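What's in my_file_19.tsv: TSV, C-alpha atoms
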chain	number	residue	atom	x	y	z
A	1	MET	CA	0.00	0.00	0.00
A	2	PRO	CA	2.79	2.58	0.65
A	3	ALA	CA	3.80	2.21	-3.00
A	4	THR	CA	0.29	3.14	-4.11
A	5	PHE	CA	0.31	6.19	-1.84
A	6	ILE	CA	3.57	7.31	-3.47
A	7	ASN	CA	1.98	6.86	-6.90
A	8	MET	CA	-1.03	8.93	-5.79
A	9	ALA	CA	1.20	11.69	-4.43
A	10	LEU	CA	3.09	11.94	-7.72
A	11	VAL	CA	-0.18	12.16	-9.67
A	12	LEU	CA	-1.42	14.92	-7.38
A	13	LEU	CA	1.87	16.77	-7.71
A	14	GLY	CA	1.83	16.50	-11.50
A	15	GLY	CA	-1.82	17.50	-11.67
A	16	GLY	CA	-1.18	20.51	-9.46
A	17	LEU	CA	1.69	21.66	-11.66
A	18	GLY	CA	-0.45	21.22	-14.76
A	19	LEU	CA	-3.21	23.38	-13.29
A	20	ALA	CA	-0.74	26.00	-12.08
A	21	PHE	CA	0.88	26.45	-15.48
A	22	LYS	CA	-2.27	26.01	-17.55
A	23	GLY	CA	-2.56	29.76	-18.09
A	24	PHE	CA	0.86	29.85	-19.73
A	25	ILE	CA	-0.03	27.21	-22.31
A	26	SER	CA	-2.05	28.17	-25.39
A	27	ASP	CA	-4.98	26.10	-26.65
A	28	ARG	CA	-2.98	25.18	-29.72
A	29	LEU	CA	-0.05	23.97	-27.64
A	30	MET	CA	-2.38	22.00	-25.35
A	31	SER	CA	-3.88	20.32	-28.41
A	32	ILE	CA	-0.41	19.43	-29.64
A	33	LEU	CA	0.53	18.13	-26.19
A	34	THR	CA	-2.60	15.97	-26.12
A	35	HIS	CA	-1.76	14.46	-29.49
A	36	ALA	CA	1.88	13.96	-28.50
A	37	LEU	CA	0.76	12.27	-25.29
A	38	GLY	CA	-1.66	10.15	-27.30
A	39	LEU	CA	1.18	8.92	-29.50
A	40	CYS	CA	3.22	8.03	-26.41
A	41	VAL	CA	0.27	6.16	-24.93
A	42	LEU	CA	-0.19	4.37	-28.26
A	43	ALA	CA	3.45	3.27	-28.23
A	44	ILE	CA	3.13	1.98	-24.65
A	45	GLY	CA	-0.04	0.08	-25.51
A	46	ILE	CA	1.44	-1.51	-28.62
A	47	GLY	CA	4.56	-2.50	-26.70
A	48	ASN	CA	2.49	-4.22	-24.02
A	49	ALA	CA	0.03	-5.84	-26.40
A	50	THR	CA	2.74	-7.36	-28.61
A	51	GLY	CA	4.25	-9.11	-25.61
A	52	THR	CA	1.52	-11.77	-25.72
A	53	GLN	CA	2.45	-15.41	-26.07
A	54	ASP	CA	-1.14	-16.40	-26.86
A	55	MET	CA	-2.98	-14.04	-29.22
A	56	LEU	CA	-6.12	-16.20	-29.06
A	57	CYS	CA	-6.22	-15.54	-25.33
A	58	VAL	CA	-6.12	-11.78	-25.92
A	59	ILE	CA	-8.88	-11.99	-28.55
A	60	VAL	CA	-11.19	-14.20	-26.48
A	61	CYS	CA	-10.67	-12.18	-23.31
A	62	MET	CA	-11.28	-8.89	-25.15
A	63	VAL	CA	-14.52	-10.17	-26.68
A	64	ILE	CA	-15.93	-11.74	-23.53
A	65	GLY	CA	-14.70	-8.92	-21.29
A	66	THR	CA	-16.28	-6.28	-23.51
A	67	VAL	CA	-19.60	-8.12	-23.48
A	68	MET	CA	-19.47	-8.32	-19.69
A	69	GLY	CA	-18.46	-4.69	-19.28
A	70	SER	CA	-21.13	-3.50	-21.71
A	71	ALA	CA	-23.79	-5.44	-19.81
A	72	ILE	CA	-22.73	-3.67	-16.62
A	73	ASP	CA	-22.11	-0.43	-18.54
A	74	ILE	CA	-18.92	0.39	-16.68
A	75	GLU	CA	-18.23	3.40	-18.89
A	76	ARG	CA	-21.49	5.05	-17.89
A	77	ARG	CA	-20.83	4.32	-14.24
A	78	LEU	CA	-17.36	5.84	-14.46
A	79	GLU	CA	-18.81	8.92	-16.12
A	80	GLY	CA	-21.51	9.02	-13.45
A	81	ALA	CA	-18.85	8.94	-10.74
A	82	GLY	CA	-17.09	11.82	-12.44
A	83	ASP	CA	-20.31	13.81	-12.71
A	84	LEU	CA	-21.06	13.18	-9.04
A	85	LEU	CA	-17.61	14.40	-8.00
A	86	ARG	CA	-17.98	17.44	-10.23
A	87	ALA	CA	-21.33	18.25	-8.64
A	88	LYS	CA	-19.77	18.02	-5.18
A	89	VAL	CA	-16.73	20.12	-6.01
A	90	PHE	CA	-18.34	22.64	-8.36
A	91	ARG	CA	-21.75	23.36	-6.88
A	92	ASN	CA	-22.38	26.17	-9.36
A	93	GLY	CA	-22.27	23.70	-12.25
A	94	SER	CA	-18.86	24.71	-13.61
A	95	GLY	CA	-15.85	22.47	-13.92
A	96	GLY	CA	-15.23	22.26	-17.63
A	97	ARG	CA	-13.96	18.87	-18.77
A	98	PHE	CA	-13.94	17.39	-15.27
A	99	THR	CA	-15.56	14.07	-16.20
A	100	GLU	CA	-13.41	13.55	-19.28
A	101	GLY	CA	-10.26	14.20	-17.29
A	102	PHE	CA	-11.37	11.93	-14.45
A	103	VAL	CA	-12.33	9.01	-16.72
A	104	ASN	CA	-9.35	9.23	-19.10
A	105	ALA	CA	-6.79	9.63	-16.31
A	106	SER	CA	-8.38	6.84	-14.25
A	107	LEU	CA	-8.21	4.44	-17.17
A	108	LEU	CA	-4.68	5.39	-18.15
A	109	PHE	CA	-3.25	5.24	-14.62
A	110	CYS	CA	-5.07	2.04	-13.65
A	111	VAL	CA	-4.95	-0.04	-16.85
A	112	GLY	CA	-1.45	-1.15	-17.69
A	113	ALA	CA	1.36	-3.59	-17.23
A	114	MET	CA	3.15	-1.68	-14.52
A	115	ALA	CA	0.00	-1.27	-12.42
A	116	ILE	CA	-0.52	-5.03	-12.34
A	117	THR	CA	3.04	-6.29	-12.08
A	118	GLY	CA	4.11	-3.48	-9.76
A	119	SER	CA	1.20	-4.01	-7.38
A	120	ILE	CA	1.80	-7.74	-7.27
A	121	GLU	CA	5.52	-7.24	-6.67
A	122	ALA	CA	4.78	-4.78	-3.88
A	123	GLY	CA	2.26	-7.14	-2.31
A	124	LEU	CA	4.43	-10.22	-2.54
A	125	ASN	CA	7.93	-8.94	-1.83
A	126	GLY	CA	7.50	-5.40	-0.53
A	127	ASN	CA	9.40	-4.17	-3.62
A	128	TYR	CA	8.14	-0.69	-4.56
A	129	GLU	CA	10.53	-0.04	-7.44
A	130	ILE	CA	8.06	-0.75	-10.26
A	131	ILE	CA	5.22	1.25	-8.75
A	132	VAL	CA	7.46	4.22	-7.94
A	133	SER	CA	8.73	4.19	-11.53
A	134	LYS	CA	5.16	4.06	-12.76
A	135	GLY	CA	4.28	6.91	-10.40
A	136	ALA	CA	6.98	9.08	-11.96
A	137	ILE	CA	5.54	8.42	-15.42
A	138	ASP	CA	2.00	9.06	-14.17
A	139	GLY	CA	3.11	12.32	-12.56
A	140	VAL	CA	4.59	13.63	-15.81
A	141	THR	CA	1.48	12.50	-17.69
A	142	ALA	CA	-0.75	14.23	-15.12
A	143	VAL	CA	0.91	17.57	-15.88
A	144	SER	CA	-0.23	17.45	-19.52
A	145	PHE	CA	-3.58	15.89	-18.67
A	146	ALA	CA	-4.43	18.43	-15.98
A	147	ALA	CA	-3.36	21.35	-18.16
A	148	THR	CA	-5.60	20.04	-20.94
A	149	LEU	CA	-8.52	18.41	-19.11
A	150	GLY	CA	-8.59	20.16	-15.74
A	151	VAL	CA	-8.85	19.21	-12.09
A	152	GLY	CA	-10.74	15.96	-12.76
A	153	VAL	CA	-7.36	14.37	-13.47
A	154	MET	CA	-6.38	14.76	-9.82
A	155	PHE	CA	-9.46	12.87	-8.65
A	156	SER	CA	-8.23	9.83	-10.58
A	157	VAL	CA	-6.22	9.00	-7.45
A	158	ILE	CA	-9.45	7.59	-5.96
A	159	PRO	CA	-9.85	4.68	-8.43
A	160	LEU	CA	-6.05	4.40	-8.45
A	161	LEU	CA	-6.13	3.74	-4.69
A	162	VAL	CA	-8.92	1.18	-5.03
A	163	TYR	CA	-7.42	-0.59	-8.06
A	164	GLN	CA	-3.72	-0.69	-7.24
A	165	GLY	CA	-4.27	-0.94	-3.52
A	166	GLY	CA	-6.72	-3.78	-4.04
A	167	ILE	CA	-4.34	-5.70	-6.28
A	168	THR	CA	-1.51	-5.19	-3.80
A	169	LEU	CA	-3.60	-6.61	-0.96
A	170	LEU	CA	-4.87	-9.51	-3.08
A	171	ALA	CA	-1.34	-10.30	-4.23
A	172	GLY	CA	-0.45	-11.36	-0.71
A	173	TRP	CA	-3.22	-13.96	-0.83
A	174	VAL	CA	-3.38	-15.22	-4.43
A	175	GLY	CA	-0.14	-13.93	-5.95
A	176	PRO	CA	1.95	-16.99	-5.14
A	177	TYR	CA	-0.49	-19.09	-7.19
A	178	LEU	CA	-0.57	-16.79	-10.23
A	179	PRO	CA	1.59	-18.21	-13.08
A	180	ALA	CA	3.91	-15.97	-15.08
A	181	ALA	CA	1.92	-16.77	-18.23
A	182	VAL	CA	-1.19	-15.23	-16.68
A	183	ILE	CA	0.67	-12.00	-15.89
A	184	THR	CA	1.98	-11.90	-19.46
A	185	GLU	CA	-1.49	-12.16	-20.98
A	186	MET	CA	-3.05	-9.72	-18.49
A	187	THR	CA	-0.34	-7.29	-19.54
A	188	ALA	CA	-1.10	-7.88	-23.23
A	189	VAL	CA	-4.84	-7.33	-22.75
A	190	GLY	CA	-4.09	-4.19	-20.77
A	191	GLY	CA	-1.92	-3.04	-23.66
A	192	ALA	CA	-4.82	-3.48	-26.07
A	193	LEU	CA	-6.99	-1.32	-23.81
A	194	ILE	CA	-4.31	1.37	-23.70
A	195	VAL	CA	-4.20	1.36	-27.52
A	196	ALA	CA	-7.96	1.96	-27.53
A	197	LEU	CA	-7.49	4.85	-25.12
A	198	ALA	CA	-4.80	6.31	-27.40
A	199	VAL	CA	-7.17	6.09	-30.37
A	200	ASN	CA	-9.65	8.19	-28.40
A	201	MET	CA	-7.00	10.71	-27.44
A	202	LEU	CA	-5.89	11.07	-31.06
A	203	GLU	CA	-9.53	11.32	-32.21
A	204	LEU	CA	-8.96	8.68	-34.88
A	205	GLY	CA	-12.44	7.16	-34.80
A	206	ARG	CA	-15.84	8.57	-35.69
A	207	GLU	CA	-17.02	7.71	-32.20
A	208	LYS	CA	-15.09	7.29	-28.98
A	209	ILE	CA	-14.30	3.74	-27.99
A	210	LYS	CA	-15.94	2.86	-24.68
A	211	VAL	CA	-12.74	1.60	-23.09
A	212	GLY	CA	-14.32	1.44	-19.65
A	213	ASN	CA	-16.67	-1.30	-20.83
A	214	MET	CA	-13.64	-3.40	-21.80
A	215	LEU	CA	-12.02	-3.40	-18.37
A	216	PRO	CA	-13.18	-6.90	-17.29
A	217	ALA	CA	-11.08	-8.33	-20.12
A	218	ILE	CA	-7.85	-7.64	-18.26
A	219	PHE	CA	-8.72	-10.18	-15.54
A	220	LEU	CA	-10.05	-12.96	-17.77
A	221	PRO	CA	-6.66	-14.58	-18.56
A	222	ILE	CA	-6.76	-15.85	-14.97
A	223	ALA	CA	-9.64	-18.12	-16.01
A	224	TYR	CA	-8.87	-18.52	-19.71
A	225	LEU	CA	-5.38	-20.02	-19.53
A	226	PRO	CA	-6.18	-22.88	-17.09
A	227	LEU	CA	-9.36	-23.64	-19.05
A	228	ALA	CA	-7.51	-23.65	-22.38
A	229	GLN	CA	-4.83	-25.92	-20.93
A	230	TRP	CA	-7.45	-28.32	-19.59
A	231	LEU	CA	-9.33	-28.43	-22.90
A	232	GLY	CA	-6.07	-28.92	-24.80
A	233	GLY	CA	-5.19	-31.89	-22.63
A	234	LEU	CA	-8.69	-33.31	-22.97
A	235	PHE	CA	-8.74	-33.18	-26.76
A	236	SER	CA	-5.18	-34.44	-27.10
A	237	GLY	CA	-6.17	-37.44	-25.06
A	238	LEU	CA	-9.07	-38.20	-27.40
A	239	PHE	CA	-6.98	-38.30	-30.56

Step by step, read the file and then write its structure as C-alpha cells.
Amino acid sequence: MPATFINMALVLLGGGLGLAFKGFISDRLMSILTHALGLCVLAIGIGNATGTQDMLCVIVCMVIGTVMGSAIDIERRLEGAGDLLRAKVFRNGSGGRFTEGFVNASLLFCVGAMAITGSIEAGLNGNYEIIVSKGAIDGVTAVSFAATLGVGVMFSVIPLLVYQGGITLLAGWVGPYLPAAVITEMTAVGGALIVALAVNMLELGREKIKVGNMLPAIFLPIAYLPLAQWLGGLFSGLF
C-alpha cells in the first residue's frame, strides 16, 4: 500500500503543476501536447500488447470482457462517478472537462502492465521499485492531462487507490499461485486497452471507444489459460 500512496502523491503533484501552469499554455499547444501524449500512450499500448504469447487468449478475453463490461455499462458508471464528484466540487455547475479528465486519467493510470506487475511485486515482496517508476511516469502525464482536461485528473487517485491498492492486498493472498503466463497475458490485454485509449486521445475514430466497458477483459486470462490448458489436454487425449 505505501507504493500506491507514493503513486497517488506523484499524480497529485503532477496534476497541481499542470493546473498551475495552464494559463501559460495556449490552446494550440495543449492540443499538440494531447496528441503527442496520445502517441506516447499508443506506443506503450502496442509494446504491451505485442508481448503476448497467446494471441487467441487476448482476442477471447477482449470479446468476452467487452460483453461483460457492456452489460454492466462500466463506462457510464465511471462517467456518473465523475459527474457526481464534479457536482460536489463545483456546486455552481462549472468544472469544464472534469468528467473527461477523471475518466481518461483513471483508465490510463489504472490499466497497464506496470499497475498489475508493480502491485503484485509490492504485495508479494514489498518491492516498490516498479510502482514508484510508474508513479513518476504518471506524474509527468498528469501535468499534460491536468493542463488540458482540468482538475478531474487529480481525482483519478481515488480509483487508483482502489485498483492498485486492491491488487496489492490480493497479491499477498493469491499472488503466489498466479503463473507468469497469466501476468503476461493480463499485460497484453491491458496493452490493447491502452491502444484503444490512445485512439480516443488522437480522435482517430468517428465515435469514442468505450474503453471502460472493456475493463473486465484484463482479468479474464486468470480463467482462460487454465481452461484452455485443460481443454487442450482433454482433446489431445481423445486423438

(-13.5, 15.4, -15.1) in this file's frame - what residues fall within 7 Å of it? Use only C-alpha atoms and give the answer as a VMD selection string. chain A and resid 82 86 97 to 103 150 to 153

Kindly save the residues from that selection, with C-alpha atoms included, as a PDB file, in the frame of the given file.
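Saved to out19.pdb:
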ATOM      1  CA  GLY A  82     -17.090  11.820 -12.440  1.00  0.00           C
ATOM      2  CA  ARG A  86     -17.980  17.440 -10.230  1.00  0.00           C
ATOM      3  CA  ARG A  97     -13.960  18.870 -18.770  1.00  0.00           C
ATOM      4  CA  PHE A  98     -13.940  17.390 -15.270  1.00  0.00           C
ATOM      5  CA  THR A  99     -15.560  14.070 -16.200  1.00  0.00           C
ATOM      6  CA  GLU A 100     -13.410  13.550 -19.280  1.00  0.00           C
ATOM      7  CA  GLY A 101     -10.260  14.200 -17.290  1.00  0.00           C
ATOM      8  CA  PHE A 102     -11.370  11.930 -14.450  1.00  0.00           C
ATOM      9  CA  VAL A 103     -12.330   9.010 -16.720  1.00  0.00           C
ATOM     10  CA  GLY A 150      -8.590  20.160 -15.740  1.00  0.00           C
ATOM     11  CA  VAL A 151      -8.850  19.210 -12.090  1.00  0.00           C
ATOM     12  CA  GLY A 152     -10.740  15.960 -12.760  1.00  0.00           C
ATOM     13  CA  VAL A 153      -7.360  14.370 -13.470  1.00  0.00           C
TER      14      VAL A 153
END

Per residue of segment 37-149 of chain A within 8 Å of segment 212-221 of chain A, note the shortest atom pair and the distance in Å to one decimal, counting all atoms listed in the file, and order the rows by chain and increasing residue number, as a tab-separated table.
residue	atom	partner	partner_atom	distance
A:Cys57	CA	A:Pro221	CA	6.9
A:Val58	CA	A:Pro221	CA	7.9
A:Cys61	CA	A:Ala217	CA	5.0
A:Met62	CA	A:Ala217	CA	5.1
A:Val63	CA	A:Ala217	CA	7.6
A:Ile64	CA	A:Ala217	CA	6.8
A:Gly65	CA	A:Ala217	CA	3.8
A:Thr66	CA	A:Met214	CA	4.3
A:Val67	CA	A:Met214	CA	7.8
A:Met68	CA	A:Pro216	CA	6.9
A:Gly69	CA	A:Asn213	CA	4.1
A:Ser70	CA	A:Asn213	CA	5.1
A:Ile72	CA	A:Asn213	CA	7.8
A:Asp73	CA	A:Asn213	CA	6.0
A:Ile74	CA	A:Asn213	CA	5.0
A:Glu75	CA	A:Gly212	CA	4.4
A:Leu78	CA	A:Gly212	CA	7.5
A:Leu107	CA	A:Gly212	CA	7.2
A:Val111	CA	A:Leu215	CA	8.0

Test item: which residues lie within 12 Å of (0.5, 17.0, -29.1) counting all atoms listed in the file, as a PyMOL selection string: chain A and resi 27-41+144-145+148+201-203

Between atom CA of Gly47 of chain A and atom CA of Val199 of chain A, what is the distance in Å, rounded to a tenth?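 Distance reported for this atom pair: 15.0 Å.
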
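Shortest separation to Ser106 of chain A among A:Met8, A:Ser26, A:Gly191, A:Ala20 occurs at residue A:Met8, atoms counted being all atoms listed in the file.
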
Atomic separation - atom CA of Phe109 of chain A relative to atom CA of Leu197 of chain A, Å: 11.3 Å

One number please: atom CA of Phe24 of chain A to atom CA of Ser156 of chain A, in Å, one decimal. 23.8 Å

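The nearest approach to Gly23 of chain A among the residues A:Ile158, A:Ile194, A:Leu170, A:Ala146, with all atoms listed in the file taken into account, belongs to A:Ala146.
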
Nearest to Ala115 of chain A, restricted to only C-alpha atoms and choosing among A:Val162, A:Ala81, A:Leu227, A:Ile222, comes out as A:Val162

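With distances restricted to all atoms listed in the file, A:Leu19 is the closest residue to Ala147 of chain A from A:Leu42, A:Leu19, A:Ile209, A:Ala3.
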
Among the residues A:Ser133, A:Asp54, A:Asn7, A:Ile46, the one that comes closest to Gln229 of chain A [using only C-alpha atoms]: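 Going through A:Ser133, A:Asp54, A:Asn7, A:Ile46 one by one, the smallest distance to Gln229 of chain A is for A:Asp54.
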
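Nearest residue to Pro226 of chain A among A:Ala43, A:Leu178, A:Leu149, A:Val157 is A:Leu178, counting all atoms listed in the file.
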